[in-house]
Structure formats: C-alpha cells, structure tokens
Amino acid sequence: MKTEQFDLIKGVFEAEEAKEVLLYLIDGKIQFHNRRIFSDKVRFGTENVDSINRIKELEAMREQILEVIDDSKLSIHSQIHIEKVADSKAA
C-alpha cells in the first residue's frame, strides 16, 4: 500500500520556540488519551490500558525532550507517515 508523508515540523528553532512546539504536540496527545480514558470509563466502565500506557510513554518522552533542549538553536524535523491497513472486520 502507498504511504503518504507529511512534514509536520521542519525548521530551525530557538530553544524556547522548540520547547513550545514540541511540548504542545506532546501535551495535545496526552489530552487526547485522557479523553479516551474518561470516555471509555463513562461509556463502558472499563479502563483503556493502551491509553494509560501511552500517556506514560509520552510523559517520559516529554522529560527527555526537556533534557535535550538547552539554549541552543535546534533543527527539528518531524514527518508523519500514513498508510492504509486492511480492516480485520472485512475479512
């Protein structure tokens, strides 16, 4: 299947700009998973273990990024790869 690629982040950033961009993305993903956890709890009475684990990974990544960013200019490149997968229900 064909993979589509998109440049989500591409450029050179001052340290504060880099921190703002990267943490915004990570915090947005954490919020997304928190909403999924809440929704699953309300709708089904279950815990979304995948989202709980992903939040832990994202929080660790957030800390690692904060350790990497200092007062230097940073070149950041982030690509999104999207590929259609077969629907297991259709088989």
# chains A, B, ... in the order shown; residues from 1 in each chain; ligands from 1
$ select_by_dssp --residues "chain A" --states "strand (DSSP E or B)" --output "short mmCIF file (atom, residue, chain, number, x, y, z; two decimals) with N, CA and C atoms, in the first residue's frame"
data_model
loop_
_atom_site.label_atom_id
_atom_site.label_comp_id
_atom_site.auth_asym_id
_atom_site.auth_seq_id
_atom_site.Cartn_x
_atom_site.Cartn_y
_atom_site.Cartn_z
N THR A 3 2.28 4.76 1.03
CA THR A 3 2.44 5.54 2.26
C THR A 3 2.50 7.01 1.90
N GLU A 4 1.69 7.81 2.55
CA GLU A 4 1.72 9.26 2.38
C GLU A 4 2.61 9.84 3.48
N GLN A 5 3.39 10.87 3.13
CA GLN A 5 4.26 11.52 4.10
C GLN A 5 3.95 13.01 4.15
N PHE A 6 3.98 13.55 5.36
CA PHE A 6 3.73 14.96 5.58
C PHE A 6 4.79 15.50 6.55
N ASP A 7 5.33 16.67 6.24
CA ASP A 7 6.27 17.32 7.15
C ASP A 7 5.48 18.09 8.19
N LEU A 8 5.44 17.56 9.39
CA LEU A 8 4.70 18.21 10.47
C LEU A 8 5.52 19.36 11.05
N ILE A 9 6.79 19.11 11.28
CA ILE A 9 7.70 20.15 11.79
C ILE A 9 8.93 20.14 10.89
N LYS A 10 9.34 21.33 10.47
CA LYS A 10 10.53 21.42 9.63
C LYS A 10 11.12 22.81 9.79
N GLY A 11 12.29 22.89 10.41
CA GLY A 11 12.94 24.18 10.52
C GLY A 11 13.92 24.27 11.66
N VAL A 12 14.47 25.47 11.80
CA VAL A 12 15.41 25.78 12.88
C VAL A 12 14.69 26.67 13.88
N PHE A 13 14.80 26.31 15.14
CA PHE A 13 14.05 26.99 16.19
C PHE A 13 14.98 27.44 17.32
N LEU A 74 17.94 24.86 17.50
CA LEU A 74 17.72 23.45 17.21
C LEU A 74 17.06 23.27 15.85
N SER A 75 17.56 22.34 15.10
CA SER A 75 16.94 21.95 13.84
C SER A 75 16.02 20.76 14.16
N ILE A 76 14.75 20.92 13.84
CA ILE A 76 13.78 19.88 14.16
C ILE A 76 13.04 19.49 12.88
N HIS A 77 12.96 18.19 12.65
CA HIS A 77 12.23 17.65 11.50
C HIS A 77 11.36 16.51 12.01
N SER A 78 10.09 16.57 11.72
CA SER A 78 9.17 15.51 12.13
C SER A 78 8.23 15.20 10.98
N GLN A 79 8.26 13.96 10.55
CA GLN A 79 7.38 13.54 9.47
C GLN A 79 6.28 12.63 9.99
N ILE A 80 5.14 12.74 9.35
CA ILE A 80 4.02 11.85 9.61
C ILE A 80 3.92 10.91 8.43
N HIS A 81 3.86 9.62 8.69
CA HIS A 81 3.69 8.61 7.64
C HIS A 81 2.32 7.98 7.83
N ILE A 82 1.51 8.02 6.78
CA ILE A 82 0.17 7.45 6.86
C ILE A 82 0.03 6.36 5.80
N GLU A 83 -0.37 5.18 6.27
CA GLU A 83 -0.55 4.05 5.37
C GLU A 83 -1.86 3.37 5.73
#
$ closest_residue --among "A:Ile52, A:Ile37, A:Leu58, A:Val42" --to "Tyr24 of chain A" --atoms "only C-alpha atoms"
A:Leu58
$ select_by_dssp --residues "chain A" --states "helix (DSSP H, G or I)" --output "ChimeraX atom specification"
/A:15-44,49-68
$ closest_residue --among "A:Thr46, A:Lys84, A:Asn53, A:Glu59" --to "Gly28 of chain A" --atoms "only C-alpha atoms"
A:Glu59
$ residues_around --residues "Met61 of chain A" --least-positions-apart "4" --cutoff "12 Å" --atoms "only C-alpha atoms" --output "VMD selection string"
chain A and resid 22 to 23 25 to 27 29 to 30 54 to 57 65 to 68
